[in-house]
Each structure stands twice: as C-alpha cells, then as structure tokens.
Amino acid sequence: MQQLVAPMQILIRQQNIFHTFPQLNDALEALFVLEGLKPAARQMIHEDDVHRVVGFCETMGLRWELSGFKVLKDQELLVVPDHPQAGHYFMYLSRDQDICKLAKFYESSRNDEKLGEILGYPACCVRFYTDNHQKASLLHDDYSLMSMAGTEGTPHFSTNNLARFFGVSLISHFPCSYNCIPTTIMGKALFSCVKKHNSHLAGYIQDVLQGPVISHAISGIHILKGWRSDGEAVWYQEPWLTSPNEFHDTLQLCNNVRAISKNNLQLRQDNHVVEEVFGDHVGMVVFGG
Ligand SMILES: [Zn+2]
C-alpha cells in the first residue's frame with residue numbers, strides 16, 4: 001500500500017486529534033462532529049482506550065455514551081459490559097448529550113433506521129441500508145455491489161467508502177449510490193473541512209479515493225492505483241490488496257481493465273484478455289474529481 005507522505009496532524013485546541021484516534025477515518029469522523037458537520041460519530045473503541053477518548057471529549061467539550069454491550073474479538077459476539085474477556089465498545093460522540101443517548105438507545109433496540117437518522121445519514125441511504133440488509137449479509141456485510149448497481153457515470157471521489165478497508169474514507173455510511181446527491185454534498189463539505197485543516201492530508205485522501213475500484217462478491221474490494229484511462233481501458237500499476245486471493249493475483253498479472261459495461265470486465269495484459277468476468281457479483285466504478 002501507498003505510504004502516507006502527508007503529516008498525520010490535525011490540531012484542535014493545540015491537541016493533535018490523531019493522538020486520540022490513530023486511524024485516519026476515526027480521527028476525521030471526530031473532527032467532523034467537532035466542526036458541526038456531523039451530528040454524531042459512532043466508533044468501535046477497545047476498552048483499554050475508552051479513557052483516552054473520554055479525556056479527549058472532556059477537553060473538547062464533546063458528550064459521549066458507551067454502548068450497553070461489549071463486542072468480543074470476532075466482532076460478532078455481543079456480551080454484557082462487565083464480561084471478563086477484553087473487547088470493544090461502541091462509543092457515541094456528539095456535541096449534544098441527547099443525541100448520544102438516542103444513538104445508544106436505537107443501537108441497543110436494533111433500530112437501524114432511527115440510528116442512521118440520528119447519525120446524520122441521508123434518508124435515501126438509510127432506506128437503502130435497511131432494504132438491502134439481508135442481501136449484504138450474504139456478501140460479508142458489504143453493500144458496494146448494491147451501491148454500484150445504482151451508480152451512473154463518474155461519481156465524485158468524496159462518496160468513495162471503499163478504501164475504508166485501508167482506513168481512508170470521508171463518509172461513514174453506505175451510500176444508496178455513488179451518485180447519491182445528499183451524499184455528494186456531504187462528502188464535498190467533509191473534504192473541504194479536511195483541506196482547511198491540513199491540505200497535504202486532503203491531497204493524500206483525494207489520491208486514495210479517486211480512481212478505479214472493482215468490487216467482487218468473493219474476493220472483495222480491489223483498488224487500482226497508478227491509473228490512467230485511454231478512453232477504451234483503464235491502465236494501472238498496482239492493485240491494492242485487502243487479503244490474498246486469486247482475483248488479486250490475476251489483477252497483478254494484468255495491467256489494464258476494459259469495462260464492456262460496469263458488470264462486465266475484461267482483465268487484460270496489454271491487448272490480451274487474461275480473464276473476463278461478468279454478472280451481478282462484479283462491478284467497477286471510476287471515481288472522479
Ligand atoms: Zn442516498
């Protein structure tokens with residue numbers, strides 16, 4: 001994966017936000033709440049780190065609540081908060097205590113619709129999430145193929161949530177499509193906020209989020225880096241790896257992808273087609289600026 005050349009620094013009240021939230025997308029989400037661009041953040045925090053986040057909230061005047069359950073290592077088993085095995089809590093951060101309380105309540109009562117609403121997600125995307133919940137559970141809880149199905153043309157990079165597997169994203173919801181208008185408006189505002197605080201970091205984020213991404217039901221997300229388009233095909237130098245798999249190996253053998261349609265891709269080495277994939281289980285979107 002590409003090395004981060006921009007300084008990981010966003011100073012608020014003389015404090016670098018990354019000291020509390022080492023992962024980029026977590027730090028950004030906290031920043032967006034502090035700046036009033038998001039009503040609340042919902043983050044998974046290891047129990048040993050809770051005190052650090054609480055300290056941060058106190059300094060920054062943020063309110064917080066802790067989930068009424070703990071999530072153990074496999075991220076599926078929910079247990080009571082005093083369970084002896086170490087785990088993660090969800091923490092709800094907001095400038096408004098009532099919002100934290102409501103987020104906690106809706107999460108514990110498994111009301112995804114209300115939880116999405118209180119976290120400030122667009123209504124169309126909340127509906128999309130609840131409508132596709134079952135379908136996504138068969139795809140490792142990934143909604144990208146469904147988001148791609150509704151996407152036309154070249155969406156703005158700020159709606160790209162697919163690099164979250166690499167810790168980079170501006171939005172924290174699943175967009176109903178990558179052209180979703182409220183998501184695009186939100187994404188652009190979030191990007192401007194990062195730019196205002198650290199333009200080098202904003203440049204890095206744009207670099208990561210812009211460009212071609214393939215989603216494949218079995219092998220996951222493939223981000224093609226060092227890319228250019230010649231109108232017929234998308235050429236690339238390096239496919240980023242989420243976990244080792246055959247599809248990634250094929251992409252490494254190839255150097256360009258020709259999209260016959262967004263669900264029909266030819267993986268090619270120069271003009272030679274190495275593999276053709278098509279169907280609902282595969283999709284490609286090129287994010288633009
Ligand atoms: Zn939407």
# chains A, B, ... in the order shown; residues from 1 in each chain; ligands from 1
call {"tool": "residues_near_ligand", "arguments": {"ligand": "ligand 1", "cutoff": "9 Å", "atoms": "only C-alpha atoms and all ligand atoms", "output": "JSON, numbers by chain"}}
result
{"A": [121, 122, 123, 124, 125, 126, 127, 128, 174, 175, 176, 177, 178, 179, 180, 181, 182, 183, 184]}
call {"tool": "closest_residue", "arguments": {"among": "A:Gln15, A:Pro239, A:Ala217, A:Glu29", "to": "Asp141 of chain A", "atoms": "only C-alpha atoms"}}
result
A:Ala217
call {"tool": "atom_distance", "arguments": {"atom1": "atom CA of Val213 of chain A", "atom2": "atom CA of Leu138 of chain A"}}
result
20.6 Å
call {"tool": "select_by_dssp", "arguments": {"residues": "segment 72-289 of chain A", "states": "alpha helix (DSSP H)", "output": "PyMOL selection string"}}
result
chain A and resi 97-108+112-118+123-131+133-137+144-149+181-197+199-209+246-253
call {"tool": "closest_atom_pairs", "arguments": {"of": "segment 240-279 of chain A", "to": "segment 150-153 of chain A", "cutoff": "12 Å", "atoms": "only C-alpha atoms", "output": "JSON lines"}}
result
{"residue": "A:Ser261", "atom": "CA", "partner": "A:Glu152", "partner_atom": "CA", "distance": 11.0}
{"residue": "A:Lys262", "atom": "CA", "partner": "A:Glu152", "partner_atom": "CA", "distance": 9.1}
{"residue": "A:Asn263", "atom": "CA", "partner": "A:Thr151", "partner_atom": "CA", "distance": 11.5}
call {"tool": "write_last_selection", "arguments": {"atoms": "N, CA, C and O atoms", "output": "PDB file, in the first residue's frame"}}
result
ATOM      1  N   SER A 261     -19.253  -3.201 -19.759  1.00  0.00           N
ATOM      2  CA  SER A 261     -20.272  -2.470 -19.005  1.00  0.00           C
ATOM      3  C   SER A 261     -19.769  -2.478 -17.568  1.00  0.00           C
ATOM      4  O   SER A 261     -18.725  -3.073 -17.287  1.00  0.00           O
ATOM      5  N   LYS A 262     -20.515  -1.847 -16.646  1.00  0.00           N
ATOM      6  CA  LYS A 262     -19.964  -1.821 -15.284  1.00  0.00           C
ATOM      7  C   LYS A 262     -19.977  -3.206 -14.626  1.00  0.00           C
ATOM      8  O   LYS A 262     -19.306  -3.428 -13.625  1.00  0.00           O
ATOM      9  N   ASN A 263     -20.752  -4.152 -15.200  1.00  0.00           N
ATOM     10  CA  ASN A 263     -20.766  -5.523 -14.673  1.00  0.00           C
ATOM     11  C   ASN A 263     -20.129  -6.535 -15.629  1.00  0.00           C
ATOM     12  O   ASN A 263     -20.408  -7.728 -15.542  1.00  0.00           O
TER      13      ASN A 263
END
call {"tool": "closest_residue", "arguments": {"among": "A:Ala233, A:Met44, A:Leu267, A:Leu145", "to": "Met284 of chain A", "atoms": "only C-alpha atoms"}}
result
A:Leu145
call {"tool": "decode", "arguments": {"residues": "segment 234-277 of chain A", "atoms": "N, CA and C atoms", "output": "compact mmCIF listing (two decimals), in the first residue's frame"}}
result
# COMPACT_ATOMS: atom_id res chain seq x y z
N VAL A 234 -8.87 1.11 -18.64
CA VAL A 234 -8.23 1.76 -17.50
C VAL A 234 -6.92 1.02 -17.24
N TRP A 235 -5.81 1.73 -17.34
CA TRP A 235 -4.49 1.14 -17.11
C TRP A 235 -4.07 1.42 -15.68
N TYR A 236 -3.35 0.48 -15.09
CA TYR A 236 -2.95 0.67 -13.69
C TYR A 236 -1.59 0.04 -13.45
N GLN A 237 -0.97 0.47 -12.34
CA GLN A 237 0.34 -0.10 -11.99
C GLN A 237 0.25 -1.07 -10.84
N GLU A 238 -0.70 -0.81 -9.93
CA GLU A 238 -0.70 -1.63 -8.70
C GLU A 238 -2.11 -1.83 -8.15
N PRO A 239 -2.55 -3.09 -8.03
CA PRO A 239 -3.83 -3.32 -7.35
C PRO A 239 -3.58 -3.46 -5.84
N TRP A 240 -4.27 -2.68 -5.04
CA TRP A 240 -4.09 -2.78 -3.58
C TRP A 240 -4.75 -4.04 -3.06
N LEU A 241 -4.08 -4.65 -2.11
CA LEU A 241 -4.50 -5.95 -1.59
C LEU A 241 -5.21 -5.79 -0.24
N THR A 242 -6.45 -6.34 -0.15
CA THR A 242 -7.09 -6.39 1.17
C THR A 242 -6.72 -7.71 1.86
N SER A 243 -6.87 -8.83 1.12
CA SER A 243 -6.38 -10.11 1.62
C SER A 243 -6.03 -10.96 0.40
N PRO A 244 -5.06 -11.87 0.55
CA PRO A 244 -4.61 -12.62 -0.63
C PRO A 244 -5.77 -13.39 -1.28
N ASN A 245 -5.91 -13.31 -2.57
CA ASN A 245 -6.94 -14.07 -3.27
C ASN A 245 -6.59 -14.17 -4.76
N GLU A 246 -7.28 -15.08 -5.46
CA GLU A 246 -6.96 -15.35 -6.87
C GLU A 246 -7.23 -14.16 -7.77
N PHE A 247 -8.31 -13.45 -7.47
CA PHE A 247 -8.67 -12.31 -8.30
C PHE A 247 -7.56 -11.25 -8.26
N HIS A 248 -7.01 -11.05 -7.06
CA HIS A 248 -5.91 -10.11 -6.91
C HIS A 248 -4.68 -10.60 -7.70
N ASP A 249 -4.43 -11.91 -7.65
CA ASP A 249 -3.29 -12.47 -8.40
C ASP A 249 -3.45 -12.18 -9.89
N THR A 250 -4.69 -12.34 -10.39
CA THR A 250 -4.94 -12.09 -11.82
C THR A 250 -4.72 -10.60 -12.13
N LEU A 251 -5.22 -9.73 -11.24
CA LEU A 251 -5.01 -8.29 -11.46
C LEU A 251 -3.53 -7.94 -11.48
N GLN A 252 -2.76 -8.67 -10.69
CA GLN A 252 -1.32 -8.40 -10.66
C GLN A 252 -0.63 -8.82 -11.95
N LEU A 253 -1.16 -9.87 -12.57
CA LEU A 253 -0.62 -10.34 -13.86
C LEU A 253 -0.97 -9.37 -14.98
N CYS A 254 -2.09 -8.67 -14.81
CA CYS A 254 -2.60 -7.79 -15.87
C CYS A 254 -2.11 -6.36 -15.66
N ASN A 255 -2.43 -5.50 -16.64
CA ASN A 255 -2.09 -4.08 -16.46
C ASN A 255 -3.19 -3.13 -16.92
N ASN A 256 -4.30 -3.70 -17.39
CA ASN A 256 -5.43 -2.82 -17.72
C ASN A 256 -6.75 -3.58 -17.66
N VAL A 257 -7.83 -2.81 -17.46
CA VAL A 257 -9.18 -3.39 -17.39
C VAL A 257 -10.04 -2.67 -18.42
N ARG A 258 -10.72 -3.46 -19.23
CA ARG A 258 -11.66 -2.85 -20.19
C ARG A 258 -13.06 -3.17 -19.70
N ALA A 259 -13.83 -2.10 -19.45
CA ALA A 259 -15.20 -2.31 -18.98
C ALA A 259 -16.14 -2.31 -20.18
N ILE A 260 -16.67 -3.49 -20.49
CA ILE A 260 -17.68 -3.59 -21.56
C ILE A 260 -18.96 -2.92 -21.04
N SER A 261 -19.25 -3.20 -19.76
CA SER A 261 -20.27 -2.47 -19.01
C SER A 261 -19.77 -2.48 -17.57
N LYS A 262 -20.52 -1.85 -16.65
CA LYS A 262 -19.96 -1.82 -15.28
C LYS A 262 -19.98 -3.21 -14.63
N ASN A 263 -20.75 -4.15 -15.20
CA ASN A 263 -20.77 -5.52 -14.67
C ASN A 263 -20.13 -6.53 -15.63
N ASN A 264 -19.33 -6.06 -16.55
CA ASN A 264 -18.66 -6.97 -17.49
C ASN A 264 -17.26 -6.42 -17.76
N LEU A 265 -16.27 -7.09 -17.15
CA LEU A 265 -14.90 -6.55 -17.19
C LEU A 265 -13.95 -7.53 -17.86
N GLN A 266 -13.11 -6.99 -18.71
CA GLN A 266 -12.03 -7.79 -19.28
C GLN A 266 -10.74 -7.39 -18.57
N LEU A 267 -10.10 -8.34 -17.91
CA LEU A 267 -8.82 -8.09 -17.27
C LEU A 267 -7.75 -8.43 -18.31
N ARG A 268 -6.92 -7.45 -18.64
CA ARG A 268 -6.03 -7.65 -19.79
C ARG A 268 -4.56 -7.35 -19.47
N GLN A 269 -3.69 -8.07 -20.17
CA GLN A 269 -2.26 -7.75 -20.19
C GLN A 269 -2.03 -7.14 -21.57
N ASP A 270 -1.83 -5.84 -21.63
CA ASP A 270 -1.82 -5.10 -22.89
C ASP A 270 -3.12 -5.39 -23.66
N ASN A 271 -3.04 -5.98 -24.87
CA ASN A 271 -4.28 -6.23 -25.61
C ASN A 271 -4.84 -7.64 -25.40
N HIS A 272 -4.14 -8.42 -24.60
CA HIS A 272 -4.52 -9.82 -24.42
C HIS A 272 -5.48 -9.98 -23.23
N VAL A 273 -6.65 -10.56 -23.49
CA VAL A 273 -7.62 -10.75 -22.40
C VAL A 273 -7.22 -11.97 -21.57
N VAL A 274 -6.85 -11.75 -20.32
CA VAL A 274 -6.44 -12.85 -19.42
C VAL A 274 -7.68 -13.50 -18.80
N GLU A 275 -8.65 -12.67 -18.44
CA GLU A 275 -9.88 -13.21 -17.84
C GLU A 275 -11.02 -12.23 -18.08
N GLU A 276 -12.19 -12.80 -18.35
CA GLU A 276 -13.36 -11.93 -18.46
C GLU A 276 -14.33 -12.30 -17.35
N VAL A 277 -14.80 -11.30 -16.63
CA VAL A 277 -15.76 -11.56 -15.55
C VAL A 277 -17.02 -10.74 -15.82
